[in-house]
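A.B. asks: So that you have it, the file is run-v3.cif, and it contains mmCIF, C-alpha atoms:
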data_upload
#
loop_
_atom_site.group_PDB
_atom_site.id
_atom_site.type_symbol
_atom_site.label_atom_id
_atom_site.label_comp_id
_atom_site.auth_asym_id
_atom_site.auth_seq_id
_atom_site.Cartn_x
_atom_site.Cartn_y
_atom_site.Cartn_z
ATOM 1 C CA MET G 1 2.574 5.203 -10.646
ATOM 2 C CA PHE G 2 -0.777 4.303 -9.061
ATOM 3 C CA SER G 3 -3.862 6.136 -7.831
ATOM 4 C CA GLY G 4 -4.425 4.222 -4.597
ATOM 5 C CA LEU G 5 -7.822 2.971 -5.771
ATOM 6 C CA VAL G 6 -7.831 -0.797 -5.253
ATOM 7 C CA GLU G 7 -9.252 -2.686 -8.227
ATOM 8 C CA GLU G 8 -9.804 -6.032 -6.573
ATOM 9 C CA ILE G 9 -8.811 -8.421 -3.809
ATOM 10 C CA GLY G 10 -6.430 -11.179 -4.869
ATOM 11 C CA TYR G 11 -5.350 -14.236 -2.902
ATOM 12 C CA VAL G 12 -1.921 -15.787 -2.499
ATOM 13 C CA LYS G 13 -1.957 -19.096 -4.370
ATOM 14 C CA SER G 14 1.595 -20.202 -3.605
ATOM 15 C CA LEU G 15 4.878 -19.024 -2.117
ATOM 16 C CA ARG G 16 8.380 -20.085 -3.092
ATOM 17 C CA SER G 17 11.427 -18.787 -1.246
ATOM 18 C CA THR G 18 14.927 -18.603 -2.702
ATOM 19 C CA PRO G 19 18.078 -16.920 -1.349
ATOM 20 C CA ALA G 20 17.535 -14.055 -3.809
ATOM 21 C CA TYR G 21 13.776 -13.450 -3.572
ATOM 22 C CA LEU G 22 10.336 -14.644 -2.545
ATOM 23 C CA SER G 23 8.149 -15.681 -5.477
ATOM 24 C CA LEU G 24 4.390 -15.264 -5.043
ATOM 25 C CA GLU G 25 1.562 -16.525 -7.230
ATOM 26 C CA ILE G 26 -1.574 -14.438 -6.778
ATOM 27 C CA THR G 27 -5.046 -15.210 -8.109
ATOM 28 C CA ALA G 28 -6.883 -12.363 -9.809
ATOM 29 C CA THR G 29 -9.522 -11.518 -12.424
ATOM 30 C CA THR G 30 -9.733 -7.779 -13.225
ATOM 31 C CA THR G 31 -5.992 -7.336 -12.839
ATOM 32 C CA LEU G 32 -5.379 -9.959 -15.523
ATOM 33 C CA GLU G 33 -7.600 -8.401 -18.210
ATOM 34 C CA ASP G 34 -4.776 -6.743 -20.158
ATOM 35 C CA VAL G 35 -1.703 -7.946 -18.276
ATOM 36 C CA ARG G 36 1.644 -8.330 -20.018
ATOM 37 C CA LEU G 37 5.013 -9.599 -18.864
ATOM 38 C CA GLY G 38 6.911 -6.791 -17.174
ATOM 39 C CA ASP G 39 3.788 -4.863 -16.165
ATOM 40 C CA SER G 40 3.711 -3.207 -12.766
ATOM 41 C CA ILE G 41 1.044 -4.265 -10.280
ATOM 42 C CA ALA G 42 0.699 -2.892 -6.762
ATOM 43 C CA VAL G 43 0.312 -5.717 -4.243
ATOM 44 C CA ASN G 44 -0.699 -4.233 -0.882
ATOM 45 C CA GLY G 45 0.720 -0.995 -2.223
ATOM 46 C CA VAL G 46 4.084 -2.466 -3.269
ATOM 47 C CA CYS G 47 4.983 -1.903 -6.932
ATOM 48 C CA LEU G 48 6.061 -5.290 -8.319
ATOM 49 C CA THR G 49 6.820 -6.671 -11.767
ATOM 50 C CA VAL G 50 4.781 -9.437 -13.384
ATOM 51 C CA THR G 51 7.145 -12.322 -14.190
ATOM 52 C CA GLU G 52 4.543 -14.914 -15.283
ATOM 53 C CA PHE G 53 0.780 -15.011 -15.721
ATOM 54 C CA SER G 54 -2.098 -17.222 -16.783
ATOM 55 C CA ASP G 55 -5.870 -16.833 -17.058
ATOM 56 C CA THR G 56 -6.250 -17.175 -13.287
ATOM 57 C CA HIS G 57 -3.117 -15.838 -11.615
ATOM 58 C CA PHE G 58 0.134 -13.893 -11.975
ATOM 59 C CA SER G 59 3.561 -14.202 -10.379
ATOM 60 C CA ILE G 60 5.856 -11.594 -8.857
ATOM 61 C CA ASN G 61 9.191 -11.658 -7.038
ATOM 62 C CA ALA G 62 9.950 -9.711 -3.855
ATOM 63 C CA ILE G 63 13.611 -9.172 -2.931
ATOM 64 C CA PRO G 64 14.862 -9.175 0.705
ATOM 65 C CA GLU G 65 14.817 -5.355 1.001
ATOM 66 C CA THR G 66 11.152 -5.322 -0.037
ATOM 67 C CA LEU G 67 10.314 -8.075 2.440
ATOM 68 C CA GLU G 68 12.114 -6.174 5.209
ATOM 69 C CA LYS G 69 10.238 -2.905 4.638
ATOM 70 C CA THR G 70 6.757 -4.276 3.892
ATOM 71 C CA ASN G 71 4.227 -6.828 5.089
ATOM 72 C CA LEU G 72 4.724 -9.130 2.080
ATOM 73 C CA GLY G 73 6.975 -11.420 4.103
ATOM 74 C CA LYS G 74 4.071 -12.112 6.459
ATOM 75 C CA LEU G 75 1.790 -13.387 3.703
ATOM 76 C CA GLU G 76 0.719 -17.021 3.667
ATOM 77 C CA VAL G 77 -1.096 -19.192 1.150
ATOM 78 C CA GLY G 78 -4.674 -17.923 1.103
ATOM 79 C CA SER G 79 -3.800 -14.421 2.360
ATOM 80 C CA PRO G 80 -5.880 -11.655 0.731
ATOM 81 C CA VAL G 81 -4.064 -8.740 -0.906
ATOM 82 C CA ASN G 82 -5.083 -5.428 -2.457
ATOM 83 C CA LEU G 83 -4.355 -5.226 -6.192
ATOM 84 C CA GLU G 84 -4.103 -2.265 -8.553
ATOM 85 C CA ARG G 85 -2.681 -2.017 -12.063
ATOM 86 C CA SER G 86 -0.417 0.929 -12.856
ATOM 87 C CA LEU G 87 -2.016 4.096 -14.212
ATOM 88 C CA THR G 88 -2.422 4.883 -17.896
ATOM 89 C CA LEU G 89 -2.270 8.421 -19.285
ATOM 90 C CA SER G 90 -5.920 8.173 -20.340
ATOM 91 C CA GLY G 91 -7.171 7.069 -16.916
ATOM 92 C CA ARG G 92 -8.751 9.105 -14.151
ATOM 93 C CA ILE G 93 -6.968 9.680 -10.875
ATOM 94 C CA GLY G 94 -9.548 9.442 -8.139
ATOM 95 C CA GLY G 95 -7.092 9.016 -5.287
ATOM 96 C CA HIS G 96 -3.628 10.592 -5.152
ATOM 97 C CA TYR G 97 -0.250 9.864 -6.711
ATOM 98 C CA VAL G 98 1.024 6.644 -5.158
ATOM 99 C CA GLN G 99 4.447 5.424 -6.235
ATOM 100 C CA GLY G 100 4.235 1.921 -4.857
ATOM 101 C CA HIS G 101 7.440 2.603 -2.923
ATOM 102 C CA VAL G 102 6.473 1.660 0.618
ATOM 103 C CA ASP G 103 8.230 3.737 3.278
ATOM 104 C CA GLY G 104 7.641 1.298 6.121
ATOM 105 C CA VAL G 105 4.967 -0.416 8.134
ATOM 106 C CA CYS G 106 2.609 0.515 10.933
ATOM 107 C CA GLN G 107 0.263 -1.410 13.188
ATOM 108 C CA LEU G 108 -3.488 -1.251 13.390
ATOM 109 C CA ILE G 109 -4.275 -0.197 16.950
ATOM 110 C CA ARG G 110 -8.052 -0.462 16.938
ATOM 111 C CA LEU G 111 -11.217 -0.080 14.878
ATOM 112 C CA ASP G 112 -14.190 1.968 16.087
ATOM 113 C CA LYS G 113 -17.296 0.856 14.192
ATOM 114 C CA GLN G 114 -19.956 3.511 13.744
ATOM 115 C CA ASP G 115 -21.536 4.862 10.522
ATOM 116 C CA ALA G 116 -18.055 4.640 9.056
ATOM 117 C CA VAL G 117 -15.176 2.722 10.605
ATOM 118 C CA THR G 118 -12.559 4.892 12.276
ATOM 119 C CA ALA G 119 -9.216 3.120 12.380
ATOM 120 C CA TYR G 120 -6.276 4.045 14.596
ATOM 121 C CA PHE G 121 -2.788 3.285 13.309
ATOM 122 C CA SER G 122 0.670 3.757 14.787
ATOM 123 C CA ILE G 123 2.954 6.266 13.063
ATOM 124 C CA PRO G 124 6.178 4.657 11.815
ATOM 125 C CA SER G 125 9.208 5.926 13.704
ATOM 126 C CA GLY G 126 10.785 8.946 12.006
ATOM 127 C CA PHE G 127 7.752 9.744 9.853
ATOM 128 C CA GLN G 128 5.686 11.919 12.216
ATOM 129 C CA GLN G 129 6.270 15.048 10.105
ATOM 130 C CA TYR G 130 4.466 13.556 7.106
ATOM 131 C CA PHE G 131 1.134 13.119 8.852
ATOM 132 C CA ILE G 132 -1.222 16.091 8.905
ATOM 133 C CA PRO G 133 -5.019 16.281 9.240
ATOM 134 C CA LYS G 134 -6.665 16.063 5.801
ATOM 135 C CA GLY G 135 -3.361 14.973 4.271
ATOM 136 C CA TYR G 136 -2.782 11.893 2.124
ATOM 137 C CA VAL G 137 -1.487 8.493 3.131
ATOM 138 C CA ALA G 138 -1.474 5.156 1.319
ATOM 139 C CA LEU G 139 -2.155 2.108 3.500
ATOM 140 C CA ASP G 140 -1.723 -1.285 1.834
ATOM 141 C CA GLY G 141 -2.046 0.629 -1.433
ATOM 142 C CA MET G 142 -5.284 2.428 -0.511
ATOM 143 C CA SER G 143 -5.401 6.192 -1.014
ATOM 144 C CA LEU G 144 -6.783 7.572 2.250
ATOM 145 C CA THR G 145 -7.280 10.909 3.967
ATOM 146 C CA VAL G 146 -5.806 11.371 7.426
ATOM 147 C CA VAL G 147 -8.494 12.477 9.894
ATOM 148 C CA ASP G 148 -6.649 13.144 13.160
ATOM 149 C CA VAL G 149 -2.992 13.061 14.161
ATOM 150 C CA PHE G 150 -1.682 12.388 17.662
ATOM 151 C CA ASP G 151 1.834 12.090 19.092
ATOM 152 C CA ASP G 152 2.393 8.527 17.880
ATOM 153 C CA SER G 153 -0.752 7.592 15.975
ATOM 154 C CA PHE G 154 -3.207 8.768 13.330
ATOM 155 C CA THR G 155 -6.731 7.929 12.224
ATOM 156 C CA VAL G 156 -8.516 7.368 8.951
ATOM 157 C CA ALA G 157 -12.173 6.613 8.234
ATOM 158 C CA PHE G 158 -13.204 3.675 6.074
ATOM 159 C CA ILE G 159 -16.549 3.950 4.307
ATOM 160 C CA PRO G 160 -18.580 0.757 3.676
ATOM 161 C CA HIS G 161 -17.578 0.663 -0.018
ATOM 162 C CA THR G 162 -13.879 0.619 0.855
ATOM 163 C CA ILE G 163 -14.386 -2.099 3.447
ATOM 164 C CA ALA G 164 -16.350 -4.269 1.020
ATOM 165 C CA HIS G 165 -13.851 -3.977 -1.850
ATOM 166 C CA THR G 166 -10.491 -4.117 -0.058
ATOM 167 C CA ILE G 167 -8.698 -6.202 2.533
ATOM 168 C CA VAL G 168 -9.855 -3.799 5.249
ATOM 169 C CA GLN G 169 -12.663 -6.305 5.845
ATOM 170 C CA PHE G 170 -10.004 -8.731 7.126
ATOM 171 C CA TYR G 171 -8.094 -6.278 9.343
ATOM 172 C CA GLN G 172 -7.412 -7.240 12.951
ATOM 173 C CA PRO G 173 -5.738 -5.270 15.784
ATOM 174 C CA LYS G 174 -1.914 -5.471 15.755
ATOM 175 C CA GLN G 175 -1.935 -6.301 12.047
ATOM 176 C CA THR G 176 1.047 -4.980 10.072
ATOM 177 C CA ILE G 177 0.078 -2.454 7.377
ATOM 178 C CA ASN G 178 2.211 -1.030 4.553
ATOM 179 C CA VAL G 179 2.598 2.764 4.647
ATOM 180 C CA GLU G 180 3.548 5.172 1.870
ATOM 181 C CA VAL G 181 3.546 8.840 2.813
ATOM 182 C CA ASP G 182 2.840 11.633 0.349
ATOM 183 C CA VAL G 183 5.768 11.924 -2.054
ATOM 184 C CA ILE G 184 5.124 15.669 -2.502
ATOM 185 C CA ALA G 185 5.747 16.212 1.211
ATOM 186 C CA LYS G 186 9.060 14.380 0.922
ATOM 187 C CA TYR G 187 10.160 16.553 -2.015
ATOM 188 C CA VAL G 188 9.204 19.746 -0.156
ATOM 189 C CA GLU G 189 11.135 18.604 2.913
ATOM 190 C CA ARG G 190 14.189 17.805 0.789
ATOM 191 C CA ILE G 191 14.131 21.147 -1.030
ATOM 192 C CA LEU G 192 13.774 23.133 2.202
ATOM 193 C CA SER G 193 16.554 21.207 3.935
ATOM 194 C CA GLN G 194 18.906 21.874 0.990
ATOM 195 C CA ARG G 195 18.078 25.586 1.101
ATOM 196 C CA GLU G 196 18.858 25.690 4.814
ATOM 197 C CA LEU G 197 22.243 24.069 4.153
ATOM 198 C CA GLN G 198 23.023 26.576 1.382
ATOM 199 C CA HIS G 199 22.254 29.523 3.670
ATOM 200 C CA ALA G 200 23.937 28.118 6.760
#
So, in terms of structure tokens, how does the structure I just supplied come out?

C.D. replies:
Amino acid sequence: MFSGLVEEIGYVKSLRSTPAYLSLEITATTTLEDVRLGDSIAVNGVCLTVTEFSDTHFSINAIPETLEKTNLGKLEVGSPVNLERSLTLSGRIGGHYVQGHVDGVCQLIRLDKQDAVTAYFSIPSGFQQYFIPKGYVALDGMSLTVVDVFDDSFTVAFIPHTIAHTIVQFYQPKQTINVEVDVIAKYVERILSQRELQHA
């Protein structure tokens, strides 16, 4: 479980592809402070397991299903990524509950730069019902509040602090972004659909 508050930007040091998975080495500092083998780290919002680590980097493996549903397969050596360690029971939750189970990807449509940066993103097909104004969404692991919702897109606002401390500073139009919708909304939908079936 994560909060959606990015701790630092890491960079892909190396990539190694096998038939079973893609192995990534990622440079980091804060994320490595108390790392142990088997720990969970969110990489662009994807919960992954640490398989190796040193004083300067850690390694994770992404299986084909993960690569298909996320933007990890598009990473190259030198690509920046958002990093967050999993929550501890004694920590504060400043964002919202983020599982690290990415539902799909969207595209950045455009950025409008004013006092804050308003970003327009496409809504992944089949997920329109999970987007509501002032609701939660996690984009590349960042806990964000939805501002406006349209037929096939939604907006969020990035404050300068978020831009400076996440990979938002590198975003370009048409970029592929990982999306995780609010898990509570999915549970509510499931419960209501089961009740409808029971009373049908």

A.B. asks: With all atoms listed in the file as the atoms that count, which of G:Gln128, G:Thr56, G:Thr118, G:Asn61 lies nearest to Tyr21 in chain G?

C.D. replies: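 Of all the options, G:Asn61 lies closest to Tyr21 in chain G.
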
A.B. asks: Residues near Leu144 in chain G, anyone? I mean within 12 Å using all atoms listed in the file, not counting same-chain ones fewer than 5 positions away, as an NGL selection string.

C.D. replies: :G and (3-6 or 94-98 or 118-119 or 131 or 133-139 or 154-159 or 162 or 179-182)

A.B. asks: Using the chain letters and numbers from the file, give me the residues hit by the PyMOL selection byres ((chain G and resi 41) around 9), as an mmCIF file with C-alpha atoms, keeping the file's coordinate frame.

C.D. replies:
data_model
loop_
_atom_site.group_PDB
_atom_site.id
_atom_site.type_symbol
_atom_site.label_atom_id
_atom_site.label_comp_id
_atom_site.auth_asym_id
_atom_site.auth_seq_id
_atom_site.Cartn_x
_atom_site.Cartn_y
_atom_site.Cartn_z
ATOM 1 C CA PHE G 2 -0.777 4.303 -9.061
ATOM 2 C CA THR G 31 -5.992 -7.336 -12.839
ATOM 3 C CA ASP G 39 3.788 -4.863 -16.165
ATOM 4 C CA SER G 40 3.711 -3.207 -12.766
ATOM 5 C CA ALA G 42 0.699 -2.892 -6.762
ATOM 6 C CA VAL G 43 0.312 -5.717 -4.243
ATOM 7 C CA GLY G 45 0.720 -0.995 -2.223
ATOM 8 C CA VAL G 46 4.084 -2.466 -3.269
ATOM 9 C CA CYS G 47 4.983 -1.903 -6.932
ATOM 10 C CA LEU G 48 6.061 -5.290 -8.319
ATOM 11 C CA THR G 49 6.820 -6.671 -11.767
ATOM 12 C CA VAL G 50 4.781 -9.437 -13.384
ATOM 13 C CA ILE G 60 5.856 -11.594 -8.857
ATOM 14 C CA LEU G 83 -4.355 -5.226 -6.192
ATOM 15 C CA GLU G 84 -4.103 -2.265 -8.553
ATOM 16 C CA ARG G 85 -2.681 -2.017 -12.063
ATOM 17 C CA SER G 86 -0.417 0.929 -12.856
ATOM 18 C CA GLY G 100 4.235 1.921 -4.857
#

A.B. asks: Show me, as an mmCIF file with C-alpha atoms, in the frame of the given file, the residues that have an atom within 7 Å of Ser14 in chain G when counting all atoms listed in the file, minus same-chain residues fewer than 6 positions from it.

C.D. replies:
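Writing the result to selection_9.cif gives the following:
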data_model
loop_
_atom_site.group_PDB
_atom_site.id
_atom_site.type_symbol
_atom_site.label_atom_id
_atom_site.label_comp_id
_atom_site.auth_asym_id
_atom_site.auth_seq_id
_atom_site.Cartn_x
_atom_site.Cartn_y
_atom_site.Cartn_z
ATOM 1 C CA LEU G 24 4.390 -15.264 -5.043
ATOM 2 C CA GLU G 25 1.562 -16.525 -7.230
ATOM 3 C CA VAL G 77 -1.096 -19.192 1.150
#

A.B. asks: Nearest to Gln175 in chain G among G:Ile93, G:Leu108, G:Val117, G:Leu197, with distances taken over all atoms listed in the file: which residue is it?

C.D. replies: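 Among G:Ile93, G:Leu108, G:Val117, G:Leu197, it is G:Leu108 that comes nearest to Gln175 in chain G.
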
A.B. asks: Model the absent atoms of range 85-102 of chain G so that N, CA and C atoms are present, and write the result as an mmCIF file, keeping the file's coordinate frame.

C.D. replies:
data_model
loop_
_atom_site.group_PDB
_atom_site.id
_atom_site.type_symbol
_atom_site.label_atom_id
_atom_site.label_comp_id
_atom_site.auth_asym_id
_atom_site.auth_seq_id
_atom_site.Cartn_x
_atom_site.Cartn_y
_atom_site.Cartn_z
ATOM 1 N N ARG G 85 -3.571 -2.165 -10.917
ATOM 2 C CA ARG G 85 -2.681 -2.017 -12.063
ATOM 3 C C ARG G 85 -2.146 -0.585 -12.106
ATOM 4 N N SER G 86 -0.994 -0.417 -12.753
ATOM 5 C CA SER G 86 -0.417 0.929 -12.856
ATOM 6 C C SER G 86 -1.304 1.814 -13.716
ATOM 7 N N LEU G 87 -1.186 3.126 -13.504
ATOM 8 C CA LEU G 87 -2.016 4.096 -14.212
ATOM 9 C C LEU G 87 -1.666 4.173 -15.696
ATOM 10 N N THR G 88 -2.655 4.533 -16.497
ATOM 11 C CA THR G 88 -2.422 4.883 -17.896
ATOM 12 C C THR G 88 -2.677 6.381 -18.049
ATOM 13 N N LEU G 89 -2.118 6.980 -19.086
ATOM 14 C CA LEU G 89 -2.270 8.421 -19.285
ATOM 15 C C LEU G 89 -3.713 8.818 -19.563
ATOM 16 N N SER G 90 -4.528 7.870 -20.031
ATOM 17 C CA SER G 90 -5.920 8.173 -20.340
ATOM 18 C C SER G 90 -6.863 7.910 -19.167
ATOM 19 N N GLY G 91 -6.318 7.411 -18.049
ATOM 20 C CA GLY G 91 -7.171 7.069 -16.916
ATOM 21 C C GLY G 91 -7.424 8.241 -15.989
ATOM 22 N N ARG G 92 -8.460 8.102 -15.168
ATOM 23 C CA ARG G 92 -8.751 9.105 -14.151
ATOM 24 C C ARG G 92 -7.992 8.794 -12.873
ATOM 25 N N ILE G 93 -7.646 9.843 -12.157
ATOM 26 C CA ILE G 93 -6.968 9.680 -10.875
ATOM 27 C C ILE G 93 -7.939 10.110 -9.787
ATOM 28 N N GLY G 94 -8.566 9.126 -9.165
ATOM 29 C CA GLY G 94 -9.548 9.442 -8.139
ATOM 30 C C GLY G 94 -8.960 9.504 -6.745
ATOM 31 N N GLY G 95 -7.731 8.997 -6.594
ATOM 32 C CA GLY G 95 -7.092 9.016 -5.287
ATOM 33 C C GLY G 95 -6.011 10.087 -5.249
ATOM 34 N N HIS G 96 -4.747 9.666 -5.042
ATOM 35 C CA HIS G 96 -3.628 10.592 -5.152
ATOM 36 C C HIS G 96 -2.462 9.831 -5.766
ATOM 37 N N TYR G 97 -1.393 10.535 -6.095
ATOM 38 C CA TYR G 97 -0.250 9.864 -6.711
ATOM 39 C C TYR G 97 0.429 8.939 -5.701
ATOM 40 N N VAL G 98 0.401 7.657 -6.011
ATOM 41 C CA VAL G 98 1.024 6.644 -5.158
ATOM 42 C C VAL G 98 2.114 5.969 -5.984
ATOM 43 N N GLN G 99 3.331 5.973 -5.484
ATOM 44 C CA GLN G 99 4.447 5.424 -6.235
ATOM 45 C C GLN G 99 4.552 3.907 -6.156
ATOM 46 N N GLY G 100 4.029 3.346 -5.084
ATOM 47 C CA GLY G 100 4.235 1.921 -4.857
ATOM 48 C C GLY G 100 5.567 1.649 -4.191
ATOM 49 N N HIS G 101 6.181 2.715 -3.662
ATOM 50 C CA HIS G 101 7.440 2.603 -2.923
ATOM 51 C C HIS G 101 7.121 2.754 -1.439
ATOM 52 N N VAL G 102 6.901 1.645 -0.782
ATOM 53 C CA VAL G 102 6.473 1.660 0.618
ATOM 54 C C VAL G 102 7.596 2.195 1.499
#
